[in-house]
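These notes are about the structure you will find just below.
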Amino acid sequence: MSKIHYNFETCPGRRGHGSLKWEKYADPEVLPLWVADMDFETAPEIVSALQARLDHGVFGYTIPHAEPIEAVLRYLERAHGYAAKAGWLNFLPGLVPAINLCCHAFTQPDESVMTATPVYPPFLTAPDYAKRELIGVPLCFNESDQWTLDFEAMEAAIRPNTRLFILCSPHNPVGRVFTQAELLALGEFCERHDLILISDEIHCDLIFDEAVTHTVTASLNESLAARTITLMAPSKTYNLPGLACAFSIIENRELRQQFNQTIRGIITEVNCFGYAGCAAAYNHGEAWRLALIDTLRGNYNTLRAFLASELPQVIFRPMQATYLAWLDVRGLELKQPAQFFEQNGIGLSCGEPFGGPGYVRLNFGCPKTRLEEGLERMARALKHRD
C-alpha cells in the first residue's frame, strides 16, 4: 500500500474567517507567527468525520457519548500506556477555563498557587483572576544545559498556604519533555507539601525528538495519580482549537467531586463537532500526525540552522517538542522586541506575558516557505535597524 501524502506545503487563506492569528494585526502585511495555532489544514480523515456529522443536519445539545469516550480511552492506552477509566473523564470546552476553574475548585482566596516560569500565560493569570497568590519559580538548567524545574528554588519559595502546582508537560514555551525522574521528583515535592498537581499535557503528541517520549504524570504511581488532575485535548496536535473540545482525567473521586461541583452552571456542553473531531483525531489521525511530526522536525532544523548562521546573537536552546520556539533576544538590545519585529512585518509573541521579558516566541507550525520568509524578515529588520 502506498503511503498517503498529506499537504504541509500550502495552506488556505485565513483572513476574513475570524482567525485570531491572522486578524490580530491592522497591517495585513504582517506575517503572523505567534499564537499556538498551526496554519495547516487538519487531517482529511477528521474533515470527513465533521462532514458526516454536518450531513446529519441536527445540531442539538450533545452529551459525552460512547464514540468520543472510547476513542479517548483507546488513545491513552495505545499512545501513552495509560489505562484510564471512563468515569475519570470530564469533557470541557478548553484547557484555559479548566485551569482557571481548578484554581477555584482546589484553593481558597487566602491560599497560593505555584508554577514554573516562563510558562503559558494563563498559568500566570488564572490565580490572579481567582484572587489567589501566584508563586512563579523560574526554570533553571540541568547538567546537560536543558531547561528543568528548580527544586531548590521551589523549596525556598513555597509557603504553608500553597495548595496547587500547575505543570506544563511538555513545556510551553521552552519545548522540554520532562523525564520520569523529573516528574517523580515533582511528585515527591507535591506529596511532601500536600499539593494538588494540575498537569497540562496538551502538547504530549507533538514530540519531534526521537530520543525522548512523553510520560503521563498520573501514570507513574498511585500516590501521584491520587493528587493529579491531567488536562489534555486533540486541539494542538490536530489543529482543532476552534472545535473547543478538551478533557480532564481525575482518578481521585474526592477531587473529581470538587471539580464537578465547581464547574456546575459554568461549563456548558461541548458541541457536537468537538466530539466528532476528537473521536476522529484519536481513531483515524495517527498517519497524519506522524507526517506532521516529520514536517515540524524539518522546520525546527531549518530554524536552528538559520539562527546559528544569520542571527547568532539570538540564543535558541534545543527543543524536544511543540512547534513554539522560545528565543532569547536580549543580546539584540531591543527595548520592545515583539513590537520591533511587528513593525518590520513579523508577528511574534511577546515574552513578557510568559514571565520571560527579553524573549519572543515563534510558531513554526506552518509551511517551510512561510517560516523562511519570517526568518528572512527578522534578519533584514535587524540588518537595517537604526
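Lettering and numbering for the C-alpha cells are positional, with chains as A, B, ... in the shown order, residues counted from 1 in each chain, and ligands counted from 1 in the shown order.
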* Out of segment 211-313 of chain A, which residues get strand (DSSP E) from DSSP, as a list in words? ->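 Answer for segment 211-313 of chain A restricted to strand (DSSP E) is Thr228, Ile229, Thr230, Leu231, Met232, Ala246, Phe247, Ser248, Ile249 and Ile250 of chain A.
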Could those selected residues go to a file with C-alpha atoms, as a compact mmCIF listing (two decimals), in the first residue's frame?
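What landed in out_16.txt:
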```txt
# COMPACT_ATOMS: atom_id res chain seq x y z
CA THR A 228 -3.10 14.81 39.89
CA ILE A 229 -5.60 16.44 37.55
CA THR A 230 -4.49 15.67 33.99
CA LEU A 231 -5.62 18.03 31.23
CA MET A 232 -5.46 17.04 27.55
CA ALA A 246 -10.74 19.10 25.76
CA PHE A 247 -10.93 16.75 28.71
CA SER A 248 -9.70 16.25 32.24
CA ILE A 249 -8.70 12.93 33.79
CA ILE A 250 -9.12 12.79 37.56
```
* Asked: Which residues, written as a ChimeraX atom specification, have at least one atom at most 10 Å from Tyr129 of chain A, with only C-alpha atoms counted and residues fewer than 4 positions away on the same chain left out?
  -> /A:100,103-104,122,124-125,133
Just the selected residues (N, CA and C atoms), exported as a compact mmCIF listing (two decimals), in the first residue's frame, please.
```txt
# COMPACT_ATOMS: atom_id res chain seq x y z
N ASN A 100 -8.36 27.72 35.06
CA ASN A 100 -8.96 28.74 35.91
C ASN A 100 -9.90 28.13 36.94
N CYS A 103 -8.20 26.51 39.93
CA CYS A 103 -7.79 27.45 40.98
C CYS A 103 -8.94 27.71 41.95
N HIS A 104 -10.15 27.76 41.44
CA HIS A 104 -11.32 27.95 42.30
C HIS A 104 -11.66 26.66 43.06
N PRO A 122 -1.86 31.84 30.66
CA PRO A 122 -2.98 31.55 31.57
C PRO A 122 -2.58 30.89 32.89
N LEU A 124 -0.28 31.98 34.66
CA LEU A 124 0.08 33.12 35.50
C LEU A 124 -1.13 34.00 35.81
N THR A 125 -2.09 34.04 34.91
CA THR A 125 -3.26 34.89 35.14
C THR A 125 -4.35 34.19 35.93
N GLU A 133 -2.86 34.01 45.42
CA GLU A 133 -1.48 34.47 45.25
C GLU A 133 -0.74 33.54 44.30
```
* **For Ala86 of chain A: contacts at 9 Å, only C-alpha atoms, fewer than 4 positions along chain excluded, given as a count of residues only** => 5
* From the list A:Trp88, A:Tyr25, A:Trp326, A:Phe306, which residue is nearest Ala225 of chain A when using only C-alpha atoms? -> A:Trp88
Might you pull out every residue within 7 Å of Asn271 of chain A, with only C-alpha atoms counted and same-chain residues fewer than 2 positions away left off, and present them as a tab-separated table (two decimals) with N, CA and C atoms, in the first residue's frame?
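The file below, part_33.tsv, is the result:
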```
chain	number	residue	atom	x	y	z
A	61	TYR	N	-28.06	19.77	21.68
A	61	TYR	CA	-27.15	19.56	22.80
A	61	TYR	C	-26.59	18.15	22.73
A	62	THR	N	-25.30	18.03	23.00
A	62	THR	CA	-24.64	16.74	22.83
A	62	THR	C	-23.94	16.33	24.12
A	269	GLU	N	-22.19	22.29	27.69
A	269	GLU	CA	-21.89	21.11	26.91
A	269	GLU	C	-20.87	21.41	25.80
A	273	PHE	N	-19.64	19.01	17.07
A	273	PHE	CA	-18.47	18.93	16.19
A	273	PHE	C	-17.19	18.71	16.99
A	274	GLY	N	-17.15	19.24	18.21
A	274	GLY	CA	-15.99	18.99	19.07
A	274	GLY	C	-15.83	17.51	19.35
A	275	TYR	N	-16.92	16.85	19.70
A	275	TYR	CA	-16.87	15.41	19.95
A	275	TYR	C	-16.50	14.63	18.70
```
* To do: Could you give me, as a count of residues only, the residues within 12 Å of segment 286-292 of chain A, counting only C-alpha atoms and dropping anything in the same chain fewer than 5 positions from it?
  => 42
Interface rows for segment 254-341 of chain A against segment 165-187 of chain A: nearest pair, Å to one decimal, 12 Å, only C-alpha atoms, as a Markdown table:
```
| residue | atom | partner | partner_atom | distance |
| --- | --- | --- | --- | --- |
| A:Tyr300 | CA | A:Gly175 | CA | 11.2 |
| A:Phe316 | CA | A:Val174 | CA | 9.5 |
| A:Arg317 | CA | A:Val174 | CA | 8.2 |
| A:Pro318 | CA | A:Gly175 | CA | 8.1 |
| A:Met319 | CA | A:Gly175 | CA | 4.9 |
| A:Gln320 | CA | A:Arg176 | CA | 5.5 |
| A:Ala321 | CA | A:Gly175 | CA | 4.9 |
| A:Thr322 | CA | A:Gly175 | CA | 5.8 |
| A:Tyr323 | CA | A:Gly175 | CA | 8.0 |
| A:Leu324 | CA | A:Pro173 | CA | 6.2 |
| A:Ala325 | CA | A:Pro173 | CA | 6.8 |
| A:Trp326 | CA | A:Val174 | CA | 5.5 |
| A:Leu327 | CA | A:Val174 | CA | 8.8 |
| A:Asp328 | CA | A:Val174 | CA | 10.6 |
```
Residue selection dump (C-alpha atoms) as a PDB file, in the first residue's frame:
```pdb
ATOM      1  CA  TYR A 300      12.813  23.069  13.655  1.00  0.00           C
ATOM      2  CA  PHE A 316      17.923  29.308  20.947  1.00  0.00           C
ATOM      3  CA  ARG A 317      18.276  26.323  23.238  1.00  0.00           C
ATOM      4  CA  PRO A 318      17.463  22.854  21.861  1.00  0.00           C
ATOM      5  CA  MET A 319      13.818  21.782  21.929  1.00  0.00           C
ATOM      6  CA  GLN A 320      12.215  18.350  22.034  1.00  0.00           C
ATOM      7  CA  ALA A 321       8.535  19.097  21.440  1.00  0.00           C
ATOM      8  CA  THR A 322       5.838  21.564  20.329  1.00  0.00           C
ATOM      9  CA  TYR A 323       6.050  23.955  17.382  1.00  0.00           C
ATOM     10  CA  LEU A 324       6.711  27.003  19.578  1.00  0.00           C
ATOM     11  CA  ALA A 325      10.288  28.279  19.670  1.00  0.00           C
ATOM     12  CA  TRP A 326      11.435  30.294  22.695  1.00  0.00           C
ATOM     13  CA  LEU A 327      14.032  32.802  21.531  1.00  0.00           C
ATOM     14  CA  ASP A 328      16.297  34.750  23.848  1.00  0.00           C
TER      15      ASP A 328
END
```
* **Exercise: His193 of chain A partners within 12 Å, only C-alpha atoms, chain neighbours under 3 positions left out, as a count of residues only** => 20
* **Nearest-residue call for Ala381 of chain A, choices A:Gly345, A:Pro357, A:Pro12, A:Gly351, using only C-alpha atoms** =>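 For Ala381 of chain A, the nearest of the given residues is A:Gly345.
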* Asked: Just how far from atom CA of Val137 of chain A is atom CA of Leu149 of chain A, in Å to one decimal?
  -> 8.5 Å
* **Top pick for closest residue to Cys102 of chain A, considering A:Asp150, A:Asp200, A:Glu77, A:Asp55 and counting only C-alpha atoms** =>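 For Cys102 of chain A, the nearest of the given residues is A:Asp200.
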* Extract, using only C-alpha atoms, all DNA, RNA and protein residues at most 10 Å from Glu333 of chain A, discarding same-chain residues fewer than 3 positions from it, and format them as a count of residues only. => 6
* Residues flagged helix (DSSP H, G or I) by DSSP in segment 322-362 of chain A, as a list in words -> Arg330, Gly331, Leu332, Pro337, Ala338, Gln339, Phe340, Phe341, Glu342, Gln343, Glu352, Pro353 and Phe354 of chain A
Requested write-out: C-alpha atoms of the selected residues, as a PDB file, in the first residue's frame:
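Result written to part_32.pdb:
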```pdb
ATOM      1  CA  ARG A 330      18.223  40.042  24.954  1.00  0.00           C
ATOM      2  CA  GLY A 331      21.515  40.216  23.066  1.00  0.00           C
ATOM      3  CA  LEU A 332      19.816  42.279  20.378  1.00  0.00           C
ATOM      4  CA  PRO A 337      11.368  43.072  20.799  1.00  0.00           C
ATOM      5  CA  ALA A 338       7.891  41.900  19.750  1.00  0.00           C
ATOM      6  CA  GLN A 339       6.885  45.428  18.785  1.00  0.00           C
ATOM      7  CA  PHE A 340      10.118  45.893  16.823  1.00  0.00           C
ATOM      8  CA  PHE A 341       9.540  42.742  14.788  1.00  0.00           C
ATOM      9  CA  GLU A 342       5.867  43.564  14.219  1.00  0.00           C
ATOM     10  CA  GLN A 343       6.861  46.941  12.821  1.00  0.00           C
ATOM     11  CA  GLU A 352       6.674  39.261  28.993  1.00  0.00           C
ATOM     12  CA  PRO A 353       3.231  37.651  29.495  1.00  0.00           C
ATOM     13  CA  PHE A 354       5.038  34.298  29.793  1.00  0.00           C
TER      14      PHE A 354
END
```
* Quick one: pull the distance between atom CA of Tyr120 of chain A and atom CA of Ala156 of chain A, Å, one decimal. => 22.9 Å
